[in-house]
>>> print(open('upload.pdb').read())   # PDB, N, CA and C atoms
ATOM      1  N   MET C 256     168.461 149.546  52.921
ATOM      2  CA  MET C 256     168.411 150.682  52.036
ATOM      3  C   MET C 256     168.256 151.941  52.875
ATOM      4  N   PRO C 257     169.158 152.895  52.690
ATOM      5  CA  PRO C 257     169.025 154.152  53.442
ATOM      6  C   PRO C 257     167.933 155.044  52.856
ATOM      7  N   ASP C 258     167.491 155.997  53.641
ATOM      8  CA  ASP C 258     166.579 157.027  53.147
ATOM      9  C   ASP C 258     167.451 158.040  52.422
ATOM     10  N   ILE C 259     167.325 158.115  51.105
ATOM     11  CA  ILE C 259     168.208 158.990  50.322
ATOM     12  C   ILE C 259     167.539 160.283  49.873
ATOM     13  N   ARG C 260     166.352 160.549  50.404
ATOM     14  CA  ARG C 260     165.702 161.822  50.069
ATOM     15  C   ARG C 260     166.601 162.967  50.517
ATOM     16  N   GLY C 261     166.755 163.951  49.631
ATOM     17  CA  GLY C 261     167.602 165.096  49.934
ATOM     18  C   GLY C 261     169.040 164.931  49.472
ATOM     19  N   PHE C 262     169.410 163.722  49.026
ATOM     20  CA  PHE C 262     170.770 163.467  48.546
ATOM     21  C   PHE C 262     170.965 164.071  47.155
ATOM     22  N   SER C 263     172.201 164.428  46.849
ATOM     23  CA  SER C 263     172.566 164.857  45.499
ATOM     24  C   SER C 263     172.721 163.632  44.609
ATOM     25  N   LYS C 264     172.789 163.855  43.304
ATOM     26  CA  LYS C 264     172.979 162.733  42.375
ATOM     27  C   LYS C 264     174.282 162.002  42.679
ATOM     28  N   ARG C 265     175.318 162.736  42.999
ATOM     29  CA  ARG C 265     176.616 162.133  43.309
ATOM     30  C   ARG C 265     176.504 161.223  44.529
ATOM     31  N   ASP C 266     175.823 161.703  45.563
ATOM     32  CA  ASP C 266     175.666 160.907  46.786
ATOM     33  C   ASP C 266     174.820 159.667  46.536
ATOM     34  N   VAL C 267     173.750 159.814  45.749
ATOM     35  CA  VAL C 267     172.895 158.668  45.422
ATOM     36  C   VAL C 267     173.683 157.633  44.625
ATOM     37  N   ALA C 268     174.454 158.098  43.649
ATOM     38  CA  ALA C 268     175.253 157.181  42.827
ATOM     39  C   ALA C 268     176.252 156.422  43.694
ATOM     40  N   GLY C 269     176.870 157.101  44.638
ATOM     41  CA  GLY C 269     177.824 156.451  45.534
ATOM     42  C   GLY C 269     177.162 155.402  46.412
ATOM     43  N   ALA C 270     175.991 155.737  46.955
ATOM     44  CA  ALA C 270     175.269 154.783  47.798
ATOM     45  C   ALA C 270     174.837 153.563  46.981
ATOM     46  N   ALA C 271     174.336 153.805  45.765
ATOM     47  CA  ALA C 271     173.902 152.698  44.906
ATOM     48  C   ALA C 271     175.076 151.785  44.571
ATOM     49  N   LYS C 272     176.225 152.378  44.310
ATOM     50  CA  LYS C 272     177.411 151.578  43.986
ATOM     51  C   LYS C 272     177.829 150.723  45.183
ATOM     52  N   LEU C 273     177.851 151.315  46.359
ATOM     53  CA  LEU C 273     178.228 150.566  47.569
ATOM     54  C   LEU C 273     177.287 149.402  47.830
ATOM     55  N   LEU C 274     176.003 149.591  47.516
ATOM     56  CA  LEU C 274     175.005 148.555  47.758
ATOM     57  C   LEU C 274     174.870 147.581  46.580
ATOM     58  N   GLY C 275     175.558 147.872  45.468
ATOM     59  CA  GLY C 275     175.499 147.001  44.302
ATOM     60  C   GLY C 275     174.204 147.111  43.528
ATOM     61  N   LEU C 276     173.567 148.281  43.576
ATOM     62  CA  LEU C 276     172.270 148.474  42.926
ATOM     63  C   LEU C 276     172.421 149.061  41.526
ATOM     64  N   ARG C 277     171.485 148.705  40.647
ATOM     65  CA  ARG C 277     171.422 149.291  39.306
ATOM     66  C   ARG C 277     170.580 150.554  39.421
ATOM     67  N   LEU C 278     171.155 151.696  39.119
ATOM     68  CA  LEU C 278     170.521 152.986  39.361
ATOM     69  C   LEU C 278     169.926 153.587  38.093
ATOM     70  N   THR C 279     168.686 154.052  38.213
ATOM     71  CA  THR C 279     168.033 154.841  37.177
ATOM     72  C   THR C 279     167.589 156.140  37.837
ATOM     73  N   ILE C 280     167.926 157.257  37.203
ATOM     74  CA  ILE C 280     167.557 158.550  37.771
ATOM     75  C   ILE C 280     166.708 159.339  36.782
ATOM     76  N   SER C 281     165.875 160.225  37.337
ATOM     77  CA  SER C 281     165.116 161.145  36.499
ATOM     78  C   SER C 281     165.027 162.485  37.213
ATOM     79  N   GLY C 282     165.114 163.560  36.432
ATOM     80  CA  GLY C 282     165.014 164.899  36.990
ATOM     81  C   GLY C 282     166.354 165.482  37.363
ATOM     82  N   GLU C 283     166.292 166.657  37.949
ATOM     83  CA  GLU C 283     167.479 167.413  38.358
ATOM     84  C   GLU C 283     167.311 167.874  39.800
ATOM     85  N   GLY C 284     168.422 168.161  40.454
ATOM     86  CA  GLY C 284     168.372 168.699  41.811
ATOM     87  C   GLY C 284     168.694 167.646  42.855
ATOM     88  N   TYR C 285     167.780 167.484  43.810
ATOM     89  CA  TYR C 285     167.987 166.570  44.932
ATOM     90  C   TYR C 285     166.908 165.496  44.949
ATOM     91  N   ALA C 286     167.253 164.335  45.505
ATOM     92  CA  ALA C 286     166.343 163.195  45.520
ATOM     93  C   ALA C 286     165.071 163.513  46.310
ATOM     94  N   VAL C 287     163.920 163.197  45.699
ATOM     95  CA  VAL C 287     162.632 163.405  46.364
ATOM     96  C   VAL C 287     161.873 162.097  46.556
ATOM     97  N   SER C 288     162.234 161.050  45.808
ATOM     98  CA  SER C 288     161.585 159.754  46.000
ATOM     99  C   SER C 288     162.508 158.637  45.548
ATOM    100  N   GLN C 289     162.271 157.461  46.081
ATOM    101  CA  GLN C 289     163.080 156.294  45.742
ATOM    102  C   GLN C 289     162.170 155.082  45.627
ATOM    103  N   SER C 290     162.505 154.181  44.700
ATOM    104  CA  SER C 290     161.647 153.024  44.438
ATOM    105  C   SER C 290     161.779 151.925  45.482
ATOM    106  N   ILE C 291     162.870 151.878  46.201
ATOM    107  CA  ILE C 291     163.054 150.905  47.278
ATOM    108  C   ILE C 291     162.870 151.652  48.595
ATOM    109  N   PRO C 292     161.898 151.264  49.394
ATOM    110  CA  PRO C 292     161.650 151.979  50.645
ATOM    111  C   PRO C 292     162.864 151.967  51.587
ATOM    112  N   ALA C 293     163.017 153.052  52.321
ATOM    113  CA  ALA C 293     164.084 153.139  53.319
ATOM    114  C   ALA C 293     163.942 152.002  54.325
ATOM    115  N   LYS C 294     165.050 151.504  54.784
ATOM    116  CA  LYS C 294     165.159 150.420  55.779
ATOM    117  C   LYS C 294     164.824 149.046  55.206
ATOM    118  N   SER C 295     164.593 148.960  53.883
ATOM    119  CA  SER C 295     164.350 147.662  53.249
ATOM    120  C   SER C 295     165.676 146.958  53.014
ATOM    121  N   LYS C 296     165.648 145.633  53.026
ATOM    122  CA  LYS C 296     166.833 144.864  52.668
ATOM    123  C   LYS C 296     166.935 144.844  51.151
ATOM    124  N   VAL C 297     168.159 144.939  50.640
ATOM    125  CA  VAL C 297     168.374 144.937  49.195
ATOM    126  C   VAL C 297     169.349 143.826  48.818
ATOM    127  N   LYS C 298     169.260 143.432  47.552
ATOM    128  CA  LYS C 298     170.169 142.433  47.006
ATOM    129  C   LYS C 298     171.001 143.070  45.922
ATOM    130  N   SER C 299     172.240 142.651  45.806
ATOM    131  CA  SER C 299     173.115 143.149  44.757
ATOM    132  C   SER C 299     172.455 142.921  43.399
ATOM    133  N   GLY C 300     172.487 143.928  42.551
ATOM    134  CA  GLY C 300     171.892 143.836  41.222
ATOM    135  C   GLY C 300     170.454 144.313  41.155
ATOM    136  N   GLN C 301     169.865 144.602  42.310
ATOM    137  CA  GLN C 301     168.485 145.079  42.348
ATOM    138  C   GLN C 301     168.404 146.475  41.707
ATOM    139  N   ALA C 302     167.272 146.794  41.084
ATOM    140  CA  ALA C 302     167.076 148.085  40.426
ATOM    141  C   ALA C 302     166.562 149.120  41.418
ATOM    142  N   LEU C 303     167.139 150.312  41.352
ATOM    143  CA  LEU C 303     166.717 151.446  42.165
ATOM    144  C   LEU C 303     166.426 152.614  41.238
ATOM    145  N   THR C 304     165.234 153.168  41.326
ATOM    146  CA  THR C 304     164.878 154.361  40.560
ATOM    147  C   THR C 304     164.709 155.501  41.538
ATOM    148  N   VAL C 305     165.373 156.624  41.238
ATOM    149  CA  VAL C 305     165.312 157.805  42.111
ATOM    150  C   VAL C 305     164.882 159.002  41.294
ATOM    151  N   LYS C 306     163.900 159.743  41.818
ATOM    152  CA  LYS C 306     163.437 160.965  41.168
ATOM    153  C   LYS C 306     164.043 162.155  41.887
ATOM    154  N   PHE C 307     164.498 163.118  41.096
ATOM    155  CA  PHE C 307     165.123 164.327  41.613
ATOM    156  C   PHE C 307     164.293 165.542  41.252
ATOM    157  N   LYS C 308     164.383 166.574  42.092
ATOM    158  CA  LYS C 308     163.671 167.820  41.846
ATOM    159  C   LYS C 308     164.501 168.962  42.413
ATOM    160  N   ASN C 309     164.490 170.096  41.709
ATOM    161  CA  ASN C 309     165.190 171.272  42.199
ATOM    162  C   ASN C 309     164.446 171.839  43.400
ATOM    163  N   PRO C 310     165.196 172.337  44.381
ATOM    164  CA  PRO C 310     164.545 172.893  45.591
ATOM    165  C   PRO C 310     163.738 174.142  45.289
TER     166      PRO C 310
END
>>> encode(input="upload.pdb", output="structure tokens")
Amino acid sequence: MPDIRGFSKRDVAGAAKLLGLRLTISGEGYAVSQSIPAKSKVKSGQALTVKFKNP
């Protein structure tokens, strides 16, 4: 799992799709937190929640 902090919603959605993750988002702006820690191994179908905040 990459560190997606600072990514736009479009970039997060693309990364989640490539990794086969089920994405849930909240907020607007850029990613500030993610439910799966960076550098963790992920499995296809795993849930990822990302919180966004305006800069």
>>> resolve_selection(input="upload.pdb", expression="the PyMOL selection byres (((chain C and resi 278-284 and name CA) around 10) and name CA)", output="MDAnalysis selection string")
chainID C and resid 261:264 267:268 270:272 275:277 285:287 289:290 300:310
>>> select_by_dssp(input="upload.pdb", residues="chain C", states="strand (DSSP E)", output="JSON, numbers by chain")
{"C": [277, 278, 279, 280, 281, 282, 285, 286, 287, 288, 289, 302, 303, 304, 305, 306, 307, 308]}
>>> atom_distance(input="upload.pdb", atom1="atom N of Arg260 (chain C)", atom2="atom C of Ser299 (chain C)")
19.9 Å
>>> residues_near_point(input="upload.pdb", point="(163.2, 153.8, 49.9)", cutoff="7 Å", atoms="only C-alpha atoms", output="list of chain:residue names")
C:Met256, C:Pro257, C:Asp258, C:Gln289, C:Ser290, C:Ile291, C:Pro292, C:Ala293
>>> atom_distance(input="upload.pdb", atom1="atom N of Ser288 (chain C)", atom2="CA of Leu273 (chain C)")
19.2 Å
>>> atom_distance(input="upload.pdb", atom1="CA of Gly269 (chain C)", atom2="atom N of Lys294 (chain C)")
16.5 Å
>>> build_atoms(input="upload.pdb", residues="region 286-297 of chain C", atoms="all heavy atoms", output="PDB file, in the coordinates of the input")
ATOM      1  N   ALA C 286     167.253 164.335  45.505  1.00  0.00           N
ATOM      2  CA  ALA C 286     166.343 163.195  45.520  1.00  0.00           C
ATOM      3  C   ALA C 286     165.071 163.513  46.310  1.00  0.00           C
ATOM      4  O   ALA C 286     165.140 164.032  47.425  1.00  0.00           O
ATOM      5  CB  ALA C 286     167.036 161.982  46.130  1.00  0.00           C
ATOM      6  N   VAL C 287     163.920 163.197  45.699  1.00  0.00           N
ATOM      7  CA  VAL C 287     162.632 163.405  46.364  1.00  0.00           C
ATOM      8  C   VAL C 287     161.873 162.097  46.556  1.00  0.00           C
ATOM      9  O   VAL C 287     160.953 162.033  47.365  1.00  0.00           O
ATOM     10  CB  VAL C 287     161.744 164.425  45.615  1.00  0.00           C
ATOM     11  CG1 VAL C 287     162.366 165.817  45.678  1.00  0.00           C
ATOM     12  CG2 VAL C 287     161.493 164.018  44.180  1.00  0.00           C
ATOM     13  N   SER C 288     162.234 161.050  45.808  1.00  0.00           N
ATOM     14  CA  SER C 288     161.585 159.754  46.000  1.00  0.00           C
ATOM     15  C   SER C 288     162.508 158.637  45.548  1.00  0.00           C
ATOM     16  O   SER C 288     163.405 158.854  44.735  1.00  0.00           O
ATOM     17  CB  SER C 288     160.256 159.679  45.254  1.00  0.00           C
ATOM     18  OG  SER C 288     160.467 159.666  43.866  1.00  0.00           O
ATOM     19  N   GLN C 289     162.271 157.461  46.081  1.00  0.00           N
ATOM     20  CA  GLN C 289     163.080 156.294  45.742  1.00  0.00           C
ATOM     21  C   GLN C 289     162.170 155.082  45.627  1.00  0.00           C
ATOM     22  O   GLN C 289     161.169 154.981  46.336  1.00  0.00           O
ATOM     23  CB  GLN C 289     164.165 156.075  46.795  1.00  0.00           C
ATOM     24  CG  GLN C 289     163.647 155.798  48.200  1.00  0.00           C
ATOM     25  CD  GLN C 289     164.718 155.897  49.249  1.00  0.00           C
ATOM     26  OE1 GLN C 289     165.155 156.994  49.586  1.00  0.00           O
ATOM     27  NE2 GLN C 289     165.144 154.754  49.786  1.00  0.00           N
ATOM     28  N   SER C 290     162.505 154.181  44.700  1.00  0.00           N
ATOM     29  CA  SER C 290     161.647 153.024  44.438  1.00  0.00           C
ATOM     30  C   SER C 290     161.779 151.925  45.482  1.00  0.00           C
ATOM     31  O   SER C 290     160.873 151.106  45.637  1.00  0.00           O
ATOM     32  CB  SER C 290     161.940 152.452  43.050  1.00  0.00           C
ATOM     33  OG  SER C 290     163.272 151.988  42.979  1.00  0.00           O
ATOM     34  N   ILE C 291     162.870 151.878  46.201  1.00  0.00           N
ATOM     35  CA  ILE C 291     163.054 150.905  47.278  1.00  0.00           C
ATOM     36  C   ILE C 291     162.870 151.652  48.595  1.00  0.00           C
ATOM     37  O   ILE C 291     163.607 152.601  48.875  1.00  0.00           O
ATOM     38  CB  ILE C 291     164.453 150.256  47.234  1.00  0.00           C
ATOM     39  CG1 ILE C 291     164.701 149.578  45.889  1.00  0.00           C
ATOM     40  CG2 ILE C 291     164.604 149.261  48.384  1.00  0.00           C
ATOM     41  CD1 ILE C 291     166.113 149.069  45.695  1.00  0.00           C
ATOM     42  N   PRO C 292     161.898 151.264  49.394  1.00  0.00           N
ATOM     43  CA  PRO C 292     161.650 151.979  50.645  1.00  0.00           C
ATOM     44  C   PRO C 292     162.864 151.967  51.587  1.00  0.00           C
ATOM     45  O   PRO C 292     163.618 150.992  51.624  1.00  0.00           O
ATOM     46  CB  PRO C 292     160.486 151.212  51.275  1.00  0.00           C
ATOM     47  CG  PRO C 292     159.836 150.487  50.148  1.00  0.00           C
ATOM     48  CD  PRO C 292     160.952 150.167  49.187  1.00  0.00           C
ATOM     49  N   ALA C 293     163.017 153.052  52.321  1.00  0.00           N
ATOM     50  CA  ALA C 293     164.084 153.139  53.319  1.00  0.00           C
ATOM     51  C   ALA C 293     163.942 152.002  54.325  1.00  0.00           C
ATOM     52  O   ALA C 293     162.831 151.572  54.641  1.00  0.00           O
ATOM     53  CB  ALA C 293     164.021 154.485  54.034  1.00  0.00           C
ATOM     54  N   LYS C 294     165.050 151.504  54.784  1.00  0.00           N
ATOM     55  CA  LYS C 294     165.159 150.420  55.779  1.00  0.00           C
ATOM     56  C   LYS C 294     164.824 149.046  55.206  1.00  0.00           C
ATOM     57  O   LYS C 294     164.766 148.079  55.942  1.00  0.00           O
ATOM     58  CB  LYS C 294     164.327 150.715  57.019  1.00  0.00           C
ATOM     59  CG  LYS C 294     164.765 151.984  57.739  1.00  0.00           C
ATOM     60  CD  LYS C 294     163.991 152.210  58.996  1.00  0.00           C
ATOM     61  CE  LYS C 294     164.438 153.509  59.652  1.00  0.00           C
ATOM     62  NZ  LYS C 294     163.676 153.805  60.861  1.00  0.00           N
ATOM     63  N   SER C 295     164.593 148.960  53.883  1.00  0.00           N
ATOM     64  CA  SER C 295     164.350 147.662  53.249  1.00  0.00           C
ATOM     65  C   SER C 295     165.676 146.958  53.014  1.00  0.00           C
ATOM     66  O   SER C 295     166.704 147.603  52.808  1.00  0.00           O
ATOM     67  CB  SER C 295     163.667 147.836  51.896  1.00  0.00           C
ATOM     68  OG  SER C 295     162.398 148.390  52.038  1.00  0.00           O
ATOM     69  N   LYS C 296     165.648 145.633  53.026  1.00  0.00           N
ATOM     70  CA  LYS C 296     166.833 144.864  52.668  1.00  0.00           C
ATOM     71  C   LYS C 296     166.935 144.844  51.151  1.00  0.00           C
ATOM     72  O   LYS C 296     165.925 144.764  50.456  1.00  0.00           O
ATOM     73  CB  LYS C 296     166.742 143.447  53.215  1.00  0.00           C
ATOM     74  CG  LYS C 296     166.845 143.399  54.721  1.00  0.00           C
ATOM     75  CD  LYS C 296     166.892 141.989  55.221  1.00  0.00           C
ATOM     76  CE  LYS C 296     167.023 141.999  56.739  1.00  0.00           C
ATOM     77  NZ  LYS C 296     167.136 140.650  57.282  1.00  0.00           N
ATOM     78  N   VAL C 297     168.159 144.939  50.640  1.00  0.00           N
ATOM     79  CA  VAL C 297     168.374 144.937  49.195  1.00  0.00           C
ATOM     80  C   VAL C 297     169.349 143.826  48.818  1.00  0.00           C
ATOM     81  O   VAL C 297     170.121 143.355  49.645  1.00  0.00           O
ATOM     82  CB  VAL C 297     168.916 146.306  48.690  1.00  0.00           C
ATOM     83  CG1 VAL C 297     167.899 147.399  48.906  1.00  0.00           C
ATOM     84  CG2 VAL C 297     170.230 146.665  49.359  1.00  0.00           C
TER      85      VAL C 297
END
